[in-house]
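Q: For reference, this is data_8.txt, and it has compact mmCIF, C-alpha atoms.
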# COMPACT_ATOMS: atom_id res chain seq x y z
CA MET W 14 -13.28 -28.43 34.15
CA LYS W 15 -15.55 -27.12 31.40
CA ILE W 16 -19.26 -26.91 32.31
CA ASP W 17 -21.65 -26.56 29.37
CA HIS W 18 -24.86 -27.93 30.98
CA ILE W 19 -26.82 -27.11 34.16
CA ARG W 20 -29.17 -29.52 35.95
CA LEU W 21 -32.66 -28.15 36.55
CA PRO W 22 -35.08 -29.33 39.30
CA GLY W 23 -36.57 -32.69 38.30
CA GLY W 24 -33.40 -33.96 36.62
CA ALA W 25 -33.75 -32.04 33.36
CA GLN W 26 -30.67 -30.57 31.78
CA ARG W 27 -30.29 -27.31 29.89
CA ARG W 28 -27.37 -26.41 27.66
CA LEU W 29 -25.63 -23.16 28.46
CA ALA W 30 -25.37 -20.61 25.66
CA PRO W 31 -21.75 -20.13 24.53
CA VAL W 32 -20.15 -16.97 25.85
CA ASN W 33 -18.65 -14.79 23.12
CA HIS W 34 -15.46 -13.37 24.52
CA GLU W 35 -14.64 -11.45 21.30
CA GLU W 36 -15.76 -7.86 20.93
CA ALA W 37 -15.52 -5.86 17.76
CA ALA W 38 -13.43 -2.72 17.72
CA GLY W 39 -15.53 0.13 19.08
CA PRO W 40 -15.40 3.89 18.59
CA LEU W 41 -12.70 4.31 21.23
CA VAL W 42 -10.38 1.89 19.41
CA TRP W 43 -11.03 3.56 16.04
CA THR W 44 -10.41 6.99 17.52
CA GLY W 45 -7.05 5.75 18.75
CA ILE W 46 -6.31 4.20 15.32
CA ILE W 47 -6.99 7.45 13.45
CA ALA W 48 -5.12 9.59 16.00
CA THR W 49 -2.12 7.24 15.96
CA THR W 50 -2.07 7.26 12.14
CA CYS W 51 -2.01 11.08 12.06
CA LEU W 52 0.77 11.14 14.65
CA LEU W 53 2.83 8.65 12.64
CA LEU W 54 2.29 10.76 9.51
CA LEU W 55 3.75 13.77 11.29
CA VAL W 56 6.73 11.71 12.41
CA THR W 57 7.35 10.06 9.04
CA GLN W 58 7.11 13.42 7.28
CA HIS W 59 10.46 14.24 8.88
CA MET W 60 11.84 10.69 8.41
CA LEU W 61 10.83 9.90 4.82
CA TRP W 62 14.39 8.80 4.06
CA LEU W 63 13.73 5.83 6.40
CA ALA W 64 9.95 5.34 6.15
CA ILE W 65 9.75 4.74 2.39
CA PRO W 66 12.69 2.24 2.23
CA PHE W 67 11.21 0.49 5.26
CA LEU W 68 7.83 0.18 3.52
CA LEU W 69 9.46 -1.12 0.33
CA ALA W 70 11.47 -3.61 2.39
CA ILE W 71 8.29 -4.98 4.00
CA ILE W 72 6.69 -5.42 0.55
CA LEU W 73 9.79 -7.21 -0.75
CA TYR W 74 9.91 -9.36 2.40
CA TYR W 75 6.43 -10.75 1.81
CA LEU W 76 7.10 -11.26 -1.90
CA LEU W 77 10.36 -13.14 -1.30
CA MET W 78 9.24 -15.13 1.72
CA PRO W 79 7.69 -18.08 -0.24
CA PRO W 80 10.95 -19.01 -2.08
CA MET W 81 12.81 -18.45 1.19
CA GLN W 82 10.54 -20.96 2.95
CA ARG W 83 11.01 -23.50 0.15
CA LEU W 84 14.78 -23.33 0.54
CA LEU W 85 14.47 -23.74 4.32
CA ARG W 86 12.29 -26.83 3.87
CA MET W 87 14.98 -28.27 1.61
CA GLY W 88 17.42 -28.05 4.54
CA MET W 89 19.35 -24.94 3.53
CA ASP W 90 20.77 -22.72 6.25
CA ARG W 91 18.77 -19.55 6.89
CA ASN W 92 21.70 -17.21 6.20
CA VAL W 93 22.52 -18.96 2.92
CA ALA W 94 18.84 -19.02 1.90
CA ALA W 95 18.52 -15.29 2.53
CA LEU W 96 21.63 -14.61 0.44
CA VAL W 97 20.40 -16.81 -2.42
CA VAL W 98 16.91 -15.31 -2.51
CA GLY W 99 18.11 -11.71 -2.12
CA GLY W 100 20.88 -12.11 -4.69
CA SER W 101 18.55 -13.77 -7.20
CA PHE W 102 16.06 -10.94 -6.85
CA LEU W 103 18.73 -8.28 -7.37
CA LEU W 104 19.98 -10.07 -10.48
CA ALA W 105 16.44 -10.44 -11.82
CA VAL W 106 15.96 -6.67 -11.48
CA ALA W 107 19.43 -5.45 -12.45
CA LEU W 108 19.92 -7.53 -15.60
CA PRO W 109 16.84 -6.26 -17.50
CA VAL W 110 17.64 -2.68 -16.46
CA LEU W 111 21.24 -2.93 -17.68
CA ALA W 112 20.10 -4.63 -20.89
CA GLY W 113 17.55 -1.89 -21.53
CA ILE W 114 20.15 0.82 -20.92
CA SER W 115 22.68 -0.82 -23.25
CA TRP W 116 20.16 -1.43 -26.05
CA THR W 117 18.52 2.00 -25.86
CA SER W 118 20.20 4.69 -27.88
CA ALA W 119 20.96 8.08 -26.35
CA PRO W 120 17.99 10.47 -26.59
CA ALA W 121 18.22 13.23 -29.15
CA GLU W 122 16.85 15.82 -26.71
CA SER W 123 17.28 16.53 -23.03
CA TRP W 124 14.69 15.37 -20.54
CA GLN W 125 13.66 19.00 -19.88
CA ASP W 126 12.85 19.51 -23.57
CA MET W 127 11.06 16.17 -23.73
CA MET W 128 8.90 16.94 -20.69
CA GLY W 129 8.13 20.39 -22.05
CA ARG W 130 7.05 18.86 -25.36
CA TYR W 131 4.73 16.38 -23.64
CA LEU W 132 3.32 19.14 -21.44
CA GLN W 133 2.56 21.30 -24.45
CA GLY W 134 0.92 18.35 -26.17
CA GLY W 135 -1.35 17.79 -23.19
CA LEU W 136 -2.27 21.48 -23.06
CA SER W 137 -3.08 21.48 -26.77
CA PHE W 138 -5.45 18.55 -26.20
CA VAL W 139 -7.18 20.42 -23.35
CA ARG W 140 -7.55 23.55 -25.49
CA SER W 141 -9.09 21.60 -28.37
CA LEU W 142 -11.43 19.88 -25.93
CA LEU W 143 -12.56 23.22 -24.51
CA LEU W 144 -13.11 24.66 -27.98
CA GLY W 145 -15.23 21.66 -28.86
CA LEU W 146 -17.30 22.12 -25.72
CA GLU W 147 -17.82 25.81 -26.51
CA GLN W 148 -19.14 24.89 -29.95
CA GLN W 149 -21.59 22.43 -28.46
CA PHE W 150 -22.68 24.63 -25.54
CA PRO W 151 -22.99 28.36 -26.38
CA ILE W 152 -23.15 29.33 -22.70
CA LEU W 153 -19.53 28.19 -22.30
CA HIS W 154 -18.57 30.39 -25.26
CA ASP W 155 -20.33 33.37 -23.70
CA ILE W 156 -18.31 33.09 -20.48
CA HIS W 157 -15.06 32.61 -22.49
CA LEU W 158 -14.22 29.34 -20.71
CA SER W 159 -11.36 28.35 -23.01
CA GLN W 160 -9.74 31.78 -22.78
CA ILE W 161 -9.89 31.82 -18.96
CA ILE W 162 -8.44 28.33 -18.56
CA ASN W 163 -5.82 28.93 -21.26
CA THR W 164 -4.64 32.07 -19.46
CA GLN W 165 -4.33 30.19 -16.18
CA PHE W 166 -2.49 27.29 -17.81
CA THR W 167 -0.09 29.65 -19.58
CA ALA W 168 0.72 31.51 -16.36
CA TYR W 169 1.39 28.26 -14.51
CA THR W 170 3.35 26.37 -17.17
CA GLU W 171 5.71 29.12 -18.34
CA ASP W 172 8.46 28.04 -15.95
CA PHE W 173 7.01 24.72 -14.78
CA VAL W 174 9.61 22.48 -16.40
CA GLN W 175 12.59 24.71 -15.56
CA SER W 176 11.67 25.40 -11.93
CA HIS W 177 9.13 23.00 -10.44
CA LEU W 178 9.91 19.87 -12.45
CA THR W 179 13.67 20.33 -12.30
CA GLY W 180 13.53 20.71 -8.53
CA PHE W 181 11.36 17.59 -8.28
CA VAL W 182 13.78 15.50 -10.36
CA VAL W 183 16.78 16.76 -8.37
CA SER W 184 15.07 15.89 -5.07
CA LEU W 185 14.12 12.47 -6.48
CA ALA W 186 17.75 11.84 -7.41
CA GLY W 187 18.71 12.69 -3.83
CA TRP W 188 16.42 9.88 -2.70
CA LEU W 189 18.35 7.17 -4.56
CA PRO W 190 20.90 6.53 -1.76
CA ALA W 191 18.05 6.17 0.74
CA LEU W 192 16.20 3.72 -1.53
CA LEU W 193 19.29 1.50 -1.48
CA LEU W 194 18.37 0.76 2.13
CA ALA W 195 15.36 -1.28 0.94
CA PRO W 196 17.29 -4.39 -0.26
CA PHE W 197 19.59 -4.11 2.79
CA LEU W 198 16.59 -4.11 5.15
CA THR W 199 14.90 -6.88 3.17
CA PHE W 200 17.89 -9.19 3.64
CA PHE W 201 17.83 -8.78 7.42
CA PHE W 202 14.04 -9.18 7.51
CA LEU W 203 14.42 -12.50 5.71
CA ARG W 204 17.31 -13.65 7.88
CA ASP W 205 16.25 -12.39 11.32
CA GLY W 206 12.50 -11.87 11.01
CA HIS W 207 11.73 -14.95 13.11
CA LEU W 208 13.96 -13.63 15.91
CA PHE W 209 12.04 -10.35 15.96
CA LYS W 210 8.74 -12.26 16.23
CA LYS W 211 10.12 -14.24 19.18
CA PHE W 212 11.30 -10.99 20.78
CA LEU W 213 7.78 -9.56 20.53
CA ALA W 214 6.21 -12.78 21.79
CA ARG W 215 8.32 -12.74 24.97
CA ALA W 216 6.80 -9.37 25.90
CA VAL W 217 3.22 -10.78 25.91
CA PRO W 218 1.84 -11.95 29.29
CA ASN W 219 1.25 -15.68 29.50
CA ALA W 220 -2.53 -15.31 29.79
CA PHE W 221 -2.68 -13.57 26.40
CA PHE W 222 0.09 -15.61 24.77
CA GLU W 223 -1.87 -18.26 22.83
CA ARG W 224 -4.48 -15.82 21.53
CA THR W 225 -1.81 -13.29 20.59
CA LEU W 226 0.10 -15.91 18.58
CA CYS W 227 -3.08 -16.84 16.69
CA LEU W 228 -3.86 -13.21 15.89
CA LEU W 229 -0.27 -12.49 14.83
CA HIS W 230 -0.38 -15.50 12.53
CA GLU W 231 -3.63 -14.25 10.99
CA VAL W 232 -2.14 -10.80 10.51
CA ASP W 233 1.00 -12.23 8.94
CA GLN W 234 -0.98 -14.41 6.53
CA THR W 235 -3.28 -11.54 5.60
CA ALA W 236 -0.34 -9.24 4.86
CA HIS W 237 1.30 -12.04 2.87
CA ARG W 238 -1.81 -12.54 0.73
CA TYR W 239 -2.30 -8.80 0.30
CA PHE W 240 1.20 -7.99 -0.96
CA GLN W 241 1.28 -11.03 -3.21
CA GLY W 242 -2.10 -10.03 -4.59
CA LEU W 243 -0.86 -6.47 -5.06
CA ALA W 244 2.11 -7.75 -7.05
CA TRP W 245 -0.11 -9.87 -9.31
CA LEU W 246 -2.53 -6.95 -9.71
CA THR W 247 0.38 -4.73 -10.80
CA VAL W 248 1.48 -7.33 -13.37
CA LEU W 249 -2.05 -7.68 -14.76
CA ASP W 250 -2.57 -3.91 -14.91
CA THR W 251 0.77 -3.43 -16.66
CA ALA W 252 0.02 -6.13 -19.24
CA VAL W 253 -3.49 -4.88 -20.05
CA LEU W 254 -2.48 -1.21 -20.13
CA ALA W 255 0.56 -1.95 -22.30
CA PHE W 256 -1.53 -3.97 -24.75
CA GLY W 257 -4.23 -1.29 -24.93
CA LEU W 258 -1.75 1.56 -25.42
CA TRP W 259 0.14 -0.45 -28.04
CA ALA W 260 -3.12 -1.14 -29.88
CA ILE W 261 -3.98 2.57 -30.16
CA GLY W 262 -0.42 3.52 -31.20
CA VAL W 263 1.02 5.20 -28.08
CA SER W 264 4.82 5.11 -27.79
CA SER W 265 6.59 3.18 -24.99
CA PRO W 266 3.45 1.27 -23.93
CA VAL W 267 5.22 -1.09 -21.50
CA VAL W 268 6.98 1.73 -19.61
CA LEU W 269 3.81 3.80 -19.42
CA GLY W 270 1.79 0.77 -18.34
CA LEU W 271 4.25 -0.11 -15.57
CA ILE W 272 4.45 3.46 -14.24
CA SER W 273 0.66 3.80 -14.29
CA ALA W 274 0.22 0.45 -12.51
CA LEU W 275 2.68 1.48 -9.79
CA LEU W 276 0.97 4.86 -9.40
CA ALA W 277 -2.32 3.01 -8.91
CA TRP W 278 -0.97 1.82 -5.54
CA VAL W 279 -2.09 5.25 -4.30
CA PRO W 280 -5.89 4.95 -4.58
CA TYR W 281 -7.79 7.49 -6.70
CA VAL W 282 -4.97 10.04 -6.89
CA GLY W 283 -2.48 7.63 -8.46
CA SER W 284 -4.88 6.50 -11.18
CA ILE W 285 -5.71 10.11 -12.09
CA VAL W 286 -2.02 11.04 -12.32
CA GLY W 287 -1.29 7.97 -14.46
CA CYS W 288 -4.17 8.77 -16.81
CA ILE W 289 -3.01 12.38 -17.19
CA MET W 290 0.52 11.20 -17.97
CA VAL W 291 -0.64 8.78 -20.68
CA VAL W 292 -3.01 11.36 -22.22
CA MET W 293 -0.11 13.83 -22.44
CA VAL W 294 2.03 11.27 -24.27
CA ALA W 295 -0.82 10.19 -26.56
CA SER W 296 -1.79 13.77 -27.48
CA THR W 297 1.87 14.56 -28.24
CA ASP W 298 2.46 11.45 -30.36
CA ALA W 299 -0.69 12.13 -32.41
CA ALA W 300 -0.96 15.91 -32.29
CA GLY W 301 -3.41 16.08 -35.20
CA ASP W 302 -5.59 13.17 -34.09
CA PRO W 303 -7.39 13.73 -30.75
CA LEU W 304 -9.02 10.32 -31.15
CA VAL W 305 -5.81 8.72 -29.84
CA ALA W 306 -6.01 10.69 -26.58
CA TYR W 307 -9.71 9.82 -26.22
CA SER W 308 -8.84 6.18 -26.83
CA ALA W 309 -6.18 6.35 -24.07
CA ILE W 310 -8.84 7.61 -21.65
CA GLY W 311 -11.08 4.74 -22.76
CA VAL W 312 -8.29 2.25 -22.09
CA PHE W 313 -7.91 3.58 -18.55
CA ILE W 314 -11.65 3.36 -17.90
CA LEU W 315 -11.65 -0.22 -19.20
CA VAL W 316 -8.73 -1.18 -16.96
CA ARG W 317 -10.43 0.39 -13.93
CA LEU W 318 -13.57 -1.66 -14.64
CA LEU W 319 -11.50 -4.82 -15.01
CA ASP W 320 -9.77 -4.02 -11.72
CA ASP W 321 -13.03 -3.58 -9.83
CA PHE W 322 -14.88 -6.59 -11.24
CA VAL W 323 -12.21 -9.11 -12.30
CA PHE W 324 -8.62 -8.45 -11.18
CA MET W 325 -9.16 -7.30 -7.59
CA PRO W 326 -11.54 -10.17 -6.68
CA LEU W 327 -8.98 -12.63 -8.06
CA THR W 328 -5.89 -11.07 -6.45
CA LEU W 329 -6.94 -9.03 -3.40
CA GLY W 330 -10.33 -10.60 -2.76
CA ARG W 331 -9.10 -12.59 0.25
CA SER W 332 -7.39 -9.64 1.89
CA LEU W 333 -8.81 -7.20 4.40
CA HIS W 334 -10.13 -3.93 3.02
CA MET W 335 -10.94 -0.69 4.74
CA HIS W 336 -14.34 0.88 4.17
CA PRO W 337 -14.30 3.19 1.11
CA LEU W 338 -15.49 6.14 3.21
CA ILE W 339 -12.59 5.71 5.66
CA THR W 340 -10.19 5.31 2.74
CA VAL W 341 -11.23 8.59 1.09
CA LEU W 342 -11.27 10.53 4.37
CA MET W 343 -7.82 9.25 5.36
CA ILE W 344 -6.39 10.21 1.95
CA PHE W 345 -7.57 13.79 2.47
CA ILE W 346 -6.34 13.78 6.08
CA GLY W 347 -2.95 12.40 5.01
CA GLY W 348 -2.59 15.08 2.34
CA ALA W 349 -3.52 17.82 4.81
CA VAL W 350 -1.18 16.53 7.53
CA ALA W 351 1.90 15.53 5.52
CA GLY W 352 1.39 16.72 1.94
CA VAL W 353 2.39 14.42 -0.93
CA ALA W 354 4.17 12.07 1.46
CA GLY W 355 0.93 11.74 3.41
CA LEU W 356 -0.95 10.72 0.27
CA MET W 357 1.59 7.97 -0.36
CA LEU W 358 1.95 6.64 3.19
CA VAL W 359 -1.43 7.17 4.83
CA LEU W 360 -3.06 3.92 3.71
CA PRO W 361 -0.11 1.59 4.51
CA LEU W 362 0.26 3.24 7.92
CA MET W 363 -3.48 3.09 8.47
CA GLY W 364 -3.48 -0.62 7.64
CA VAL W 365 -0.69 -1.40 10.10
CA VAL W 366 -2.18 0.70 12.90
CA MET W 367 -5.63 -0.75 12.24
CA VAL W 368 -4.37 -4.32 12.55
CA VAL W 369 -2.37 -3.58 15.71
CA GLY W 370 -5.18 -1.54 17.27
CA GLU W 371 -7.88 -4.12 16.56
CA THR W 372 -5.63 -6.91 17.84
CA ILE W 373 -4.93 -5.10 21.10
CA GLY W 374 -8.60 -4.18 21.40
CA ARG W 375 -9.71 -7.78 20.96
CA LEU W 376 -7.21 -8.93 23.59
CA VAL W 377 -7.82 -6.37 26.32
CA THR W 378 -11.62 -6.48 25.93
CA ASN W 379 -11.75 -10.27 26.31
CA PRO W 380 -13.05 -10.93 29.87
CA ARG W 381 -11.78 -14.51 29.86
CA LEU W 382 -8.21 -13.46 29.07
CA ARG W 383 -8.31 -10.62 31.61
CA ALA W 384 -9.50 -13.04 34.28
CA ARG W 385 -6.67 -15.46 33.42
CA HIS W 386 -4.16 -12.61 33.61
CA ARG W 387 -5.42 -11.49 37.05
CA ASN W 388 -5.36 -15.08 38.33
CA ALA W 389 -1.79 -15.58 37.03
CA ARG W 390 -0.61 -12.40 38.75
CA ALA W 391 -2.23 -13.49 42.01
CA LEU W 392 -0.58 -16.91 41.82
CA ARG W 393 2.84 -15.38 41.13
CA GLU W 394 2.50 -12.98 44.06
CA LYS W 395 1.41 -15.84 46.32
CA GLN W 396 4.35 -17.99 45.22
CA ALA W 397 6.83 -15.14 45.62
CA SER W 398 5.66 -14.39 49.18
CA ALA W 399 5.18 -17.99 50.34
CA ASP W 400 8.39 -18.13 52.39
CA LEU W 401 8.18 -14.56 53.73
CA VAL W 402 7.46 -14.09 57.45
CA VAL W 403 5.16 -11.24 58.33
Show this structure as structure tokens.
A:
Amino acid sequence: MKIDHIRLPGGAQRRLAPVNHEEAAGPLVWTGIIATTCLLLLVTQHMLWLAIPFLLAIILYYLLMPPMQRLLRMGMDRNVAALVVGGSFLLAVALPVLAGISWTSAPAESWQDMMGRYLQGGLSFVRSLLLGLEQQFPILHDIHLSQIINTQFTAYTEDFVQSHLTGFVVSLAGWLPALLLAPFLTFFFLRDGHLFKKFLARAVPNAFFERTLCLLHEVDQTAHRYFQGLAWLTVLDTAVLAFGLWAIGVSSPVVLGLISALLAWVPYVGSIVGCIMVVMVASTDAAGDPLVAYSAIGVFILVRLLDDFVFMPLTLGRSLHMHPLITVLMIFIGGAVAGVAGLMLVLPLMGVVMVVGETIGRLVTNPRLRARHRNARALREKQASADLVV
């Protein structure tokens, strides 16, 4: 029986204040979240062949789940629906790629020569920028800024394409078989995801069952909205970047826009890398006109402003966000713990651990649920020992 009033002397009644059984995640929970994230980074550093396909499969799962649910509502069998959705997605990706390969003529130069040409174009832009700064500020000319930086760039880039970049491309090609796991995992997530949720639910004590189901549903819906919003944000960024780069005369605007939008999934670092890549291409295409490279930088600044004030509120505005301070600190921690892989995986891992940690914290710190759990255990022990003779 629920009691929300007490009777005072004289017959008066007073309403009881509602008891808030929810407690926000405290410093102990956040310490465990950060420590668990760092531990997972160390583990995934040695299992990147599985961690990255698994992450891509989760993203594809949430993107393909809406059409999967529509087919299930129409009465289609779950196995058939998973095959239809997965096969349609593979065709939608493979056909444009094959068409682009067949319509594109063979390049006149090797990729090493092409990358070296773009790298030299970017360095020429930096040198001209430094010379312009020295003309405007005599103190920079007195310390020979352009000469110092040019010497350092020359020493670093002499064998960059042949050694560092070649090794990177070879290692990236070795990742292709592992990336093929992503569609394989996505198919089984679509087909058997509900069984995995039931498996997890059976492990929850009965006292925490209803609240756990509600929290899991909230987490699932939040992740669904986030990844769908991320996909729409990528499409918008690609379209705006491609249009801006096409308007200023940069070659391959759609490819550059798509790569830059995908790199922007890694906050801060990805946007900087994408901007550097586009400036290198722009300065190479228009070697005698630095205005094109400056215009490319302006396009990136404009897209960042549109992201912050227009695109993100429309696409990711309903999703959970980590505090910017925590985001920046975890990016540095991820880079220090696991290198480049840590920069890529720290925020997705942090998001998952944060959701799980806060959910467990809200459950175990709820006094009402703990009392129900203790009472249920006492009743089970009493029932189990009812027919025992002492």
Q: Which distance in Å separates CA of Ser141 (chain W) and CA of Pro303 (chain W), to one decimal?
A: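 Going from CA of Ser141 (chain W) over to CA of Pro303 (chain W), I get 8.4 Å.
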Q: Between W:Val97, W:Leu198, W:Leu146, W:Ala107, which one has atoms that come closest to Arg83 (chain W), using all atoms listed in the file?
A: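 For Arg83 (chain W), the nearest of the given residues is W:Val97.
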Q: List as a ChimeraX atom specification: which residues have an atom within 12 Å of (-5.4, -7.5, 24.5), counting only C-alpha atoms?
A: /W:34-36,38,42,217-226,228,369-384,386
Q: Give, as lines of an AutoDock Vina configuration file, the centre coordinates and the x, y and z edge lengths in Å to one decimal for an axis-aligned box around all listed atoms of region 259-266 of chain W, padded by 4 Å on each side.
A:
center_x = 1.3
center_y = 2.0
center_z = -27.6
size_x = 18.6
size_y = 14.3
size_z = 15.3
Q: Could you name the residues that touch Met78 (chain W) at 12 Å or less, counting all atoms listed in the file, but leaving out those on the same chain fewer than 2 positions away, as JSON, numbers by chain?
A: {"W": [70, 71, 72, 73, 74, 75, 76, 80, 81, 82, 83, 84, 85, 91, 94, 95, 98, 99, 102, 199, 200, 202, 203, 204, 206, 207, 233, 234, 236, 237, 238, 240, 241]}
Q: By how many Å are CA of Leu193 (chain W) and CA of Leu208 (chain W) apart?
A: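 Between CA of Leu193 (chain W) and CA of Leu208 (chain W) the gap works out to 23.7 Å.
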Q: What gap, in Å, lies between CA of Gly45 (chain W) and CA of Ala64 (chain W)?
A: 21.2 Å
Q: Please tell me which residues are no farther than 6 Å from (-3.2, 10.0, -26.7) in the file, counting all atoms listed in the file, and write them as a PyMOL selection string.
A: chain W and resi 292+294-296+305-306+309
Q: Could you turn the residues from that selection into a file that holds C-alpha atoms, as a CSV table (one decimal), in the frame of the given file?
A:
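Contents of selection.csv, as written:
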chain,number,residue,atom,x,y,z
W,292,VAL,CA,-3.0,11.4,-22.2
W,294,VAL,CA,2.0,11.3,-24.3
W,295,ALA,CA,-0.8,10.2,-26.6
W,296,SER,CA,-1.8,13.8,-27.5
W,305,VAL,CA,-5.8,8.7,-29.8
W,306,ALA,CA,-6.0,10.7,-26.6
W,309,ALA,CA,-6.2,6.4,-24.1
Q: Could you check the closest approach to Ser308 (chain W) for each of W:Leu276, W:Leu254, W:Leu153, W:Leu327 and tell me which residue wins, using all atoms listed in the file?
A: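 Of W:Leu276, W:Leu254, W:Leu153, W:Leu327, the one nearest Ser308 (chain W), counting all atoms listed in the file, is W:Leu254.
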Q: For Asn163 (chain W), which residue among W:Val366, W:Ala255, W:Leu136, W:Leu52 is the nearest when counting all atoms listed in the file?
A: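 Looking at the shortest contact to Asn163 (chain W), the residue is W:Leu136.
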Q: Using all atoms listed in the file, find the one residue out of W:Met343, W:Asp302, W:Gly287, W:Phe256 that sits nearest to Ile46 (chain W).
A: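 Looking only at the distances to Ile46 (chain W), the closest residue turns out to be W:Met343.
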Q: Which is closest to Ile285 (chain W) among W:Met128, W:Leu77, W:Leu142, W:Ile310, if we use all atoms listed in the file?
A: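 Selected residue with least distance to Ile285 (chain W): W:Ile310.
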Q: Of the candidates W:Met325, W:Val282, W:Leu213, W:Leu158, which shows the shortest atom-to-atom distance to Asp250 (chain W), using all atoms listed in the file?
A: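 Nearest candidate to Asp250 (chain W) out of W:Met325, W:Val282, W:Leu213, W:Leu158: W:Met325.
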Q: Can you tell me which residues surround region 358-365 of chain W at a distance of at most 9 Å, considering only C-alpha atoms, apart from same-chain residues fewer than 6 positions away, and format the answer as a list in words?
A: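 Near region 358-365 of chain W, the qualifying residues are Ile46, Ile47, Thr49, Thr50, Cys51, Leu53, Leu54, Thr57, Ala64, Ile65, Leu68, Val279, Pro280, His334, Met335, Thr340, Met343, Ile344, Ile346, Gly347 and Gly348 of chain W.
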